[in-house]
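**Q** Quick one, query19.cif (mmCIF, C-alpha atoms):
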data_my_file
loop_
_atom_site.label_atom_id
_atom_site.label_comp_id
_atom_site.auth_asym_id
_atom_site.auth_seq_id
_atom_site.Cartn_x
_atom_site.Cartn_y
_atom_site.Cartn_z
CA MET H 19 82.04 102.40 82.49
CA ARG H 20 83.72 103.65 79.39
CA ARG H 21 82.96 102.45 75.89
CA ILE H 22 84.95 102.86 72.73
CA ASP H 23 83.27 101.82 69.47
CA VAL H 24 85.66 101.99 66.56
CA ARG H 25 85.17 101.05 62.94
CA LEU H 26 87.72 99.00 61.11
CA ALA H 27 90.06 101.42 59.44
CA ALA H 28 92.49 101.28 56.61
CA GLY H 29 94.90 103.12 58.84
CA LEU H 30 96.89 100.00 59.55
CA SER H 31 98.41 100.43 56.12
CA VAL H 32 100.14 103.57 57.34
CA LEU H 33 102.72 101.23 58.83
CA ALA H 34 104.24 100.89 55.41
CA LEU H 35 104.82 104.62 55.25
CA VAL H 36 106.75 105.08 58.45
CA THR H 37 110.08 104.06 59.86
CA GLY H 38 110.61 100.32 59.79
CA CYS H 39 111.35 98.05 62.68
CA GLY H 40 114.60 96.45 63.56
CA GLY H 41 116.56 94.98 66.40
CA GLN H 42 117.68 96.78 69.49
CA GLN H 43 118.05 100.41 68.58
CA GLY H 44 119.18 102.38 71.60
CA GLY H 45 121.78 105.10 71.85
CA ALA H 46 120.05 108.47 71.98
CA ALA H 47 120.95 110.12 73.86
CA THR H 48 123.13 111.90 75.95
CA ASP H 49 122.53 112.02 79.64
CA ASP H 50 120.53 114.89 81.04
CA THR H 51 122.69 117.88 81.93
CA ALA H 52 120.09 119.40 84.31
CA SER H 53 120.22 122.63 82.33
CA GLU H 54 117.17 124.64 81.28
CA VAL H 55 114.69 122.69 79.18
CA THR H 56 114.10 124.37 75.80
CA CYS H 57 112.64 121.40 73.88
CA GLU H 58 115.19 122.14 71.14
CA VAL H 59 117.26 119.21 69.91
CA THR H 60 120.43 120.83 68.58
CA LYS H 61 122.42 117.83 67.41
CA GLU H 62 121.56 114.75 65.42
CA THR H 63 120.09 112.21 67.81
CA ARG H 64 118.56 108.80 67.24
CA VAL H 65 116.12 107.14 69.61
CA GLY H 66 115.11 103.49 69.70
CA ILE H 67 111.48 102.80 70.60
CA ALA H 68 110.49 99.49 72.22
CA THR H 69 106.96 98.54 71.16
CA GLY H 70 105.39 95.07 71.26
CA ASN H 71 104.13 92.23 69.04
CA ALA H 72 104.09 92.96 65.31
CA THR H 73 100.31 92.58 65.05
CA GLY H 74 99.62 94.70 68.14
CA VAL H 75 98.84 98.38 68.56
CA TYR H 76 102.11 99.29 70.33
CA TYR H 77 104.00 98.27 67.20
CA VAL H 78 101.80 100.21 64.80
CA VAL H 79 101.63 103.40 66.88
CA GLY H 80 105.32 103.15 67.78
CA ASN H 81 106.31 102.99 64.13
CA ALA H 82 104.05 105.95 63.36
CA LEU H 83 105.63 107.95 66.20
CA ALA H 84 109.13 107.08 64.99
CA GLY H 85 108.19 108.38 61.57
CA GLN H 86 107.05 111.76 62.93
CA LEU H 87 110.03 112.71 65.09
CA SER H 88 112.23 114.06 62.30
CA GLY H 89 109.59 116.40 60.94
CA THR H 90 108.89 117.98 64.32
CA THR H 91 112.56 118.57 65.16
CA GLY H 92 113.96 119.91 61.91
CA GLY H 93 115.53 116.54 61.17
CA LYS H 94 117.64 116.53 64.33
CA LEU H 95 115.75 113.73 66.10
CA THR H 96 115.04 110.44 64.35
CA GLY H 97 113.43 107.28 65.63
CA THR H 98 113.42 103.57 64.96
CA ALA H 99 110.73 101.32 66.40
CA ALA H 100 111.31 97.63 67.11
CA GLU H 101 109.11 94.63 67.76
CA THR H 102 109.53 93.34 71.32
CA GLY H 103 107.82 91.12 73.86
CA ALA H 104 106.22 94.28 75.34
CA SER H 105 105.92 95.80 78.81
CA VAL H 106 108.19 93.91 81.24
CA GLN H 107 110.84 93.22 78.61
CA ASN H 108 110.57 96.80 77.41
CA VAL H 109 111.35 98.18 80.86
CA GLU H 110 114.29 95.82 81.30
CA GLN H 111 115.79 96.74 77.94
CA LEU H 112 115.07 100.44 78.45
CA VAL H 113 117.04 100.40 81.69
CA GLY H 114 119.73 98.32 80.01
CA GLY H 115 120.18 100.95 77.30
CA GLN H 116 118.98 98.91 74.33
CA TYR H 117 116.12 101.37 73.80
CA ASP H 118 115.40 104.97 74.75
CA VAL H 119 111.58 105.02 74.79
CA ALA H 120 109.28 102.17 75.80
CA PHE H 121 105.58 101.50 75.64
CA SER H 122 104.29 99.94 78.85
CA LEU H 123 101.09 99.01 80.58
CA PHE H 124 100.58 101.22 83.60
CA ASP H 125 100.48 98.35 86.12
CA THR H 126 103.87 97.13 84.89
CA ALA H 127 105.28 100.66 85.07
CA VAL H 128 104.10 101.02 88.66
CA ASN H 129 105.72 97.71 89.56
CA ALA H 130 108.94 98.91 87.92
CA VAL H 131 109.27 102.12 89.92
CA GLN H 132 108.26 100.36 93.13
CA GLY H 133 110.47 97.30 92.62
CA LYS H 134 107.53 94.87 92.81
CA GLY H 135 106.11 92.06 90.71
CA SER H 136 108.60 91.19 87.99
CA PHE H 137 111.17 93.65 89.35
CA THR H 138 113.38 92.95 92.36
CA ALA H 139 114.38 96.60 92.83
CA PRO H 140 113.05 100.03 91.82
CA GLN H 141 113.91 100.84 88.21
CA PRO H 142 115.24 104.28 87.13
CA VAL H 143 112.41 105.03 84.71
CA GLU H 144 110.05 107.98 84.35
CA ALA H 145 107.03 108.72 82.18
CA LEU H 146 106.62 110.99 79.19
CA ALA H 147 102.84 110.77 79.46
CA ARG H 148 99.87 108.54 79.97
CA ILE H 149 98.51 107.72 76.52
CA TYR H 150 95.59 105.54 75.36
CA ASP H 151 94.04 102.62 77.26
CA ASN H 152 94.63 98.92 76.65
CA TYR H 153 91.64 96.60 76.66
CA THR H 154 91.98 93.10 78.11
CA GLN H 155 90.66 90.91 75.33
CA VAL H 156 90.00 87.29 76.28
CA VAL H 157 89.03 85.13 73.33
CA VAL H 158 88.18 81.42 73.20
CA ARG H 159 87.14 78.90 70.59
CA ASN H 160 83.41 78.20 70.62
CA ASP H 161 84.12 74.47 70.89
CA SER H 162 86.40 74.89 73.93
CA GLY H 163 83.63 74.77 76.53
CA ILE H 164 85.05 77.93 78.14
CA THR H 165 82.58 80.59 79.29
CA SER H 166 84.66 82.11 82.12
CA VAL H 167 88.29 82.29 83.17
CA ALA H 168 87.64 79.58 85.77
CA ASP H 169 86.65 77.24 82.90
CA MET H 170 90.21 77.43 81.55
CA ARG H 171 91.37 74.70 83.95
CA GLY H 172 93.19 72.05 81.93
CA LYS H 173 92.88 73.99 78.68
CA ARG H 174 95.55 75.19 76.23
CA ILE H 175 95.68 78.90 76.94
CA SER H 176 98.04 81.48 75.46
CA THR H 177 99.03 83.97 78.15
CA GLY H 178 101.04 86.18 75.77
CA SER H 179 104.71 86.66 75.07
CA PRO H 180 107.10 85.97 77.96
CA LYS H 181 107.75 89.13 79.99
CA SER H 182 104.85 90.99 78.42
CA GLY H 183 102.23 93.07 80.16
CA THR H 184 99.66 90.66 78.74
CA GLU H 185 101.31 87.80 80.62
CA VAL H 186 101.21 89.78 83.86
CA ILE H 187 97.50 90.49 83.49
CA ALA H 188 96.71 86.96 82.31
CA ASN H 189 98.34 85.38 85.34
CA ARG H 190 96.59 87.80 87.69
CA LEU H 191 93.22 87.07 86.11
CA LEU H 192 93.81 83.32 86.36
CA GLU H 193 94.70 83.68 90.03
CA ALA H 194 91.66 85.89 90.62
CA ALA H 195 89.56 83.06 89.17
CA GLY H 196 91.12 80.58 91.59
CA LEU H 197 93.58 78.97 89.18
CA ASP H 198 97.33 78.46 89.44
CA PRO H 199 98.82 79.65 86.12
CA ALA H 200 101.75 77.26 86.52
CA LYS H 201 99.66 74.16 87.17
CA ASP H 202 96.00 74.53 86.28
CA ILE H 203 96.25 75.46 82.61
CA ARG H 204 98.37 74.21 79.74
CA ALA H 205 100.09 77.54 79.27
CA GLN H 206 101.17 78.57 75.80
CA ARG H 207 103.44 81.63 76.09
CA LEU H 208 102.98 82.79 72.52
CA ASP H 209 103.12 86.13 70.75
CA LEU H 210 99.91 87.32 69.17
CA THR H 211 100.68 86.11 65.65
CA LYS H 212 101.35 82.54 66.81
CA THR H 213 98.40 82.71 69.19
CA VAL H 214 95.98 83.60 66.40
CA GLU H 215 97.43 80.82 64.24
CA GLY H 216 96.91 78.38 67.12
CA ILE H 217 93.30 79.44 67.59
CA LYS H 218 92.64 78.97 63.88
CA ASP H 219 94.23 75.51 63.66
CA GLY H 220 92.78 74.31 66.96
CA SER H 221 96.04 73.92 68.89
CA VAL H 222 95.07 76.74 71.29
CA ASP H 223 91.73 76.84 73.14
CA GLY H 224 91.80 80.45 74.26
CA PHE H 225 94.01 83.44 74.92
CA PHE H 226 94.54 86.69 76.74
CA TRP H 227 95.53 89.88 74.97
CA SER H 228 95.99 93.40 76.30
CA GLY H 229 95.93 95.99 73.54
CA GLY H 230 94.20 98.96 72.01
CA LEU H 231 91.06 98.78 69.89
CA PRO H 232 91.20 97.47 67.29
CA THR H 233 94.26 95.22 67.41
CA GLY H 234 95.27 94.01 63.97
CA GLY H 235 95.75 90.38 64.98
CA LEU H 236 92.24 90.20 66.42
CA THR H 237 90.77 91.99 63.43
CA ASP H 238 92.25 89.22 61.29
CA LEU H 239 90.90 86.51 63.60
CA PHE H 240 87.35 87.83 63.75
CA THR H 241 87.32 88.58 60.04
CA THR H 242 88.48 85.13 58.94
CA ALA H 243 87.25 82.90 61.79
CA GLY H 244 84.64 84.94 63.61
CA ASP H 245 82.07 82.14 63.56
CA SER H 246 84.37 79.89 65.61
CA VAL H 247 85.49 82.28 68.37
CA LYS H 248 83.98 84.52 71.02
CA PHE H 249 84.94 86.99 73.74
CA VAL H 250 84.75 86.07 77.42
CA ASP H 251 83.30 88.59 79.87
CA ILE H 252 85.94 89.02 82.60
CA SER H 253 84.23 91.90 84.41
CA PRO H 254 83.23 89.72 87.43
CA LEU H 255 86.96 89.55 88.27
CA LEU H 256 87.35 93.35 88.40
CA PRO H 257 86.96 93.69 92.21
CA LYS H 258 89.84 91.27 92.82
CA MET H 259 91.95 93.01 90.17
CA THR H 260 91.37 96.50 91.58
CA ALA H 261 92.42 95.16 94.98
CA LEU H 262 95.80 94.42 93.37
CA SER H 263 96.11 97.77 91.59
CA PRO H 264 93.96 100.84 90.93
CA ALA H 265 95.30 100.68 87.36
CA TYR H 266 92.56 98.17 86.55
CA GLN H 267 89.29 99.80 85.52
CA ALA H 268 85.97 98.86 83.91
CA GLY H 269 85.59 99.17 80.16
CA THR H 270 83.71 97.79 77.18
CA ILE H 271 84.83 96.29 73.90
CA GLY H 272 82.26 97.84 71.59
CA ARG H 273 80.64 95.61 69.01
CA ASP H 274 82.00 97.81 66.21
CA ALA H 275 85.62 97.10 67.19
CA TYR H 276 85.59 93.66 65.54
CA ARG H 277 82.07 93.52 64.08
CA THR H 278 80.81 91.22 66.84
CA ALA H 279 77.13 90.74 67.64
CA THR H 280 77.27 92.38 71.07
CA ASP H 281 79.41 94.58 73.29
CA THR H 282 81.67 92.80 75.81
CA PRO H 283 82.39 94.16 79.31
CA THR H 284 86.07 93.93 80.17
CA ILE H 285 88.94 95.41 82.19
CA VAL H 286 91.10 98.24 80.85
CA VAL H 287 94.57 99.44 81.83
CA PRO H 288 96.16 102.75 80.78
CA ASN H 289 99.38 102.81 78.78
CA VAL H 290 102.36 105.03 79.46
CA LEU H 291 105.45 105.97 77.49
CA LEU H 292 108.58 105.45 79.58
CA VAL H 293 112.16 106.71 79.34
CA ARG H 294 115.24 106.41 81.49
CA LYS H 295 115.39 108.95 84.29
CA ASN H 296 118.63 110.39 82.91
CA LEU H 297 117.46 110.86 79.30
CA ASP H 298 118.35 114.28 77.91
CA ALA H 299 115.48 116.56 78.90
CA ASN H 300 115.25 118.30 75.53
CA VAL H 301 114.92 114.94 73.78
CA ALA H 302 112.22 113.90 76.25
CA CYS H 303 110.42 117.18 75.72
CA ALA H 304 110.55 116.92 71.92
CA ILE H 305 109.21 113.36 71.92
CA THR H 306 106.37 114.26 74.28
CA ARG H 307 105.40 117.27 72.19
CA THR H 308 105.39 115.13 69.05
CA VAL H 309 103.03 112.58 70.63
CA PHE H 310 100.39 115.25 71.20
CA ASP H 311 101.04 117.46 68.19
CA LYS H 312 100.80 114.45 65.88
CA ARG H 313 98.04 112.58 67.68
CA ASP H 314 95.75 112.64 64.64
CA THR H 315 98.50 111.18 62.47
CA LEU H 316 99.11 108.42 65.01
CA ALA H 317 95.36 107.72 65.01
CA GLN H 318 95.52 107.20 61.25
CA ALA H 319 97.90 104.33 61.97
CA ASN H 320 95.50 102.90 64.57
CA PRO H 321 92.31 104.41 66.02
CA ALA H 322 93.42 103.52 69.56
CA ALA H 323 95.65 106.62 69.46
CA ARG H 324 92.53 108.77 69.57
CA GLY H 325 92.61 108.03 73.29
CA ILE H 326 95.76 110.14 73.69
CA SER H 327 94.56 113.22 75.55
CA LEU H 328 96.03 116.20 77.37
CA GLU H 329 93.27 115.71 79.97
CA THR H 330 94.86 112.48 81.19
CA ALA H 331 98.50 112.95 80.11
CA ARG H 332 99.74 113.85 83.59
CA LYS H 333 97.95 110.99 85.36
CA THR H 334 100.99 108.77 85.81
CA ASP H 335 101.39 108.83 89.59
CA PRO H 336 103.19 107.00 91.23
CA VAL H 337 105.36 106.90 88.11
CA PRO H 338 107.02 110.33 88.03
CA LEU H 339 106.98 112.47 84.91
CA HIS H 340 110.36 113.19 83.34
CA ARG H 341 111.27 116.86 83.68
CA GLY H 342 111.42 117.20 79.90
CA ALA H 343 107.87 115.85 79.67
CA GLU H 344 106.78 118.29 82.39
CA LYS H 345 107.97 121.16 80.23
CA ALA H 346 106.22 119.85 77.12
CA LEU H 347 102.92 119.21 78.88
CA LYS H 348 102.99 122.62 80.55
CA ASP H 349 103.56 124.33 77.21
CA LEU H 350 100.75 122.26 75.65
CA GLY H 351 98.31 123.26 78.41
CA ALA H 352 97.82 119.81 79.94
CA ASN H 353 95.72 119.77 83.08
#
Mind turning this structure into C-alpha cells?
**A**
Amino acid sequence: MRRIDVRLAAGLSVLALVTGCGGQQGGAATDDTASEVTCEVTKETRVGIATGNATGVYYVVGNALAGQLSGTTGGKLTGTAAETGASVQNVEQLVGGQYDVAFSLFDTAVNAVQGKGSFTAPQPVEALARIYDNYTQVVVRNDSGITSVADMRGKRISTGSPKSGTEVIANRLLEAAGLDPAKDIRAQRLDLTKTVEGIKDGSVDGFFWSGGLPTGGLTDLFTTAGDSVKFVDISPLLPKMTALSPAYQAGTIGRDAYRTATDTPTIVVPNVLLVRKNLDANVACAITRTVFDKRDTLAQANPAARGISLETARKTDPVPLHRGAEKALKDLGAN
C-alpha cells in the first residue's frame, strides 16, 4: 500500500502566475505527417488543455503546464488551460477537436480506447504519459450517520460533475456496495466548488472526489469545517473494484494531506495525459518533454505533481503511447 503525506503548500498561488483558463481552446495542431520526430516545433502553435474543476488538481497543474510550454519551445508552442467537467467530457471534447491535450483518469482512458463504459466505440486517443495518481476521497458530514458507502442509501450524495471520472468511480463504488446510483441515493451531480458549499450549508450529506493530494477544495473544507466532516474508508470495496479494472489500487490519504487526526485507507487510480492519435508528433514530443523537464515547477503549483515519474511514465497499456511521446520518453531515459 502506498502512502503520500503532503504538507499544505502555498504553491496553489502559482496559479495566478501562469496562463489563465478560458473556454474551448483547441486548434493546435496540424495533423501528424508521419515524418521523423525531432521534438522541434518550428511554427507558432497553440494547444488547448482540458483539465477539470477549478478547485481540483487537474486545473492547477494544467494551468502550470500551459505556462511552461512557451519557455521550453523557444516561444513556438503556447498553451491555454480550461476548466472542464473532467475525464469523460475531456475525452469527448479532445476527439471533437475542442482541445488538444486532456487530463484523464486511467480507467476512463482505458474505456475510451476499448469503446466501453461511457463510450460506444473505440476513441482515437493515445497517451503522452502516465502522470501522478488520483486518490478517491469520500467525505461525509459527521451528522449524516454515514460510516460506509452502503450507508449512503437515501442520502444526498454528490457524485461529481456530469461526465467526470469522479462520477464514473462514484457510481462503481455505489454499485460495489450494493446500491443503485439511479435509485438508492439522492444524487447531486455537482462540481467540487458547489459540493463543498453544499457540505458546509448542510444541503449535501456526503460526496465522492477523485483527485491528487492535496486538492484545493478539500483543503478549504477541512480548514474551515474540519470539525463537522470526516473521511470514509472505502478500502473494503477494493476487491470488487479491481475485478472491474486493474487501474484501481490500494492507497492511503496521509493525515498530513488535510491535517486530519488519522490516515485513511482508500483506492487510487493513475492519471494519464491524452492527445488525439493524429496530433503532430513534434508537438506531442515537446509537450511530453516539458511535463518531465518542468516537473518541479508543476509541483510548486500542487504537490501532487511530485508523483510524475519516468519510472511509471510508460505504464499506459492498453492505452498506446503517441509516437511523439515515445521519442520524448526514450530521450529522457524512461524505463
**Q** So that I can see what lies close to range 89-97 of chain H, please list as a PDB file with C-alpha atoms, keeping the file's coordinate frame the residues with an atom at most 8 Å from it, counting all atoms listed in the file and leaving out residues fewer than 6 positions away in the same chain.
**A**
ATOM      1  CA  THR H  37     110.080 104.060  59.860  1.00  0.00           C
ATOM      2  CA  GLU H  58     115.190 122.140  71.140  1.00  0.00           C
ATOM      3  CA  VAL H  59     117.260 119.210  69.910  1.00  0.00           C
ATOM      4  CA  THR H  60     120.430 120.830  68.580  1.00  0.00           C
ATOM      5  CA  LYS H  61     122.420 117.830  67.410  1.00  0.00           C
ATOM      6  CA  GLU H  62     121.560 114.750  65.420  1.00  0.00           C
ATOM      7  CA  THR H  63     120.090 112.210  67.810  1.00  0.00           C
ATOM      8  CA  ARG H  64     118.560 108.800  67.240  1.00  0.00           C
ATOM      9  CA  VAL H  65     116.120 107.140  69.610  1.00  0.00           C
ATOM     10  CA  GLY H  66     115.110 103.490  69.700  1.00  0.00           C
ATOM     11  CA  ILE H  67     111.480 102.800  70.600  1.00  0.00           C
ATOM     12  CA  LEU H  83     105.630 107.950  66.200  1.00  0.00           C
ATOM     13  CA  VAL H 301     114.920 114.940  73.780  1.00  0.00           C
ATOM     14  CA  ALA H 304     110.550 116.920  71.920  1.00  0.00           C
ATOM     15  CA  THR H 308     105.390 115.130  69.050  1.00  0.00           C
TER      16      THR H 308
END
**Q** Quick check on the file I pasted: which residues fall under the PyMOL selection byres ((chain H and resi 275-288) around 6)? Write them as a ChimeraX atom specification.
**A** /H:23-25,124,151-154,232,237,251-253,265-274,289
**Q** Going by the chain IDs and residue numbers used in this file, which residues fall under the PyMOL selection byres ((chain H and resi 184-189) around 10)? Write them as an MDAnalysis selection string.
**A** chainID H and resid 103:106 123 125:126 135:136 152 154:156 167 175:183 190:195 197:200 207:209 225:229 259 266 285 287
**Q** At a cut-off of 10 Å from (104.0, 120.5, 76.4) in the coordinates of the file, what residues are picked up using all atoms listed in the file, written as a list in words?
**A** Cys57, Cys303, Ala304, Ile305, Thr306, Arg307, Thr308, Val309, Phe310, Asp311, Leu328, Gly342, Ala343, Glu344, Lys345, Ala346, Leu347, Lys348, Asp349, Leu350, Gly351 and Ala352 of chain H
**Q** Which of these, H:Asp298, H:Pro142, H:Pro257, H:Ile164, has the shortest distance to Gly114 in chain H once you count all atoms listed in the file?
**A**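 Among the listed residues, H:Pro142 lies closest to Gly114 in chain H.
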**Q** Mind pulling up the distance from CA of Gln141 in chain H to CA of Leu316 in chain H?
**A**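 For CA of Leu316 in chain H relative to CA of Gln141 in chain H, the distance reads 28.5 Å.
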**Q** What gap, in Å, lies between CA of Glu54 in chain H and CA of Thr334 in chain H?
**A**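 According to the coordinates, CA of Glu54 in chain H and CA of Thr334 in chain H are separated by 23.1 Å.
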**Q** Can you list, as number ranges by chain, the residues that the PyMOL selection byres ((chain H and resi 291) around 12) selects here?
**A** H: 67-69, 76, 79-80, 83, 104-105, 108-109, 112, 118-124, 126-127, 143-151, 288-290, 292-294, 302, 305-306, 309, 326, 331-334, 337-340, 343
**Q** Between H:Leu262, H:Leu239, H:Glu329, H:Asp49, which has the minimum distance to Gly115 in chain H (counting all atoms listed in the file)?
**A**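 Among the listed residues, the smallest separation from Gly115 in chain H belongs to H:Asp49.
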**Q** How far is it from CA of Asn353 in chain H to CA of Arg324 in chain H, in Å with one decimal?
**A**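 These two atoms are separated by 17.7 Å.
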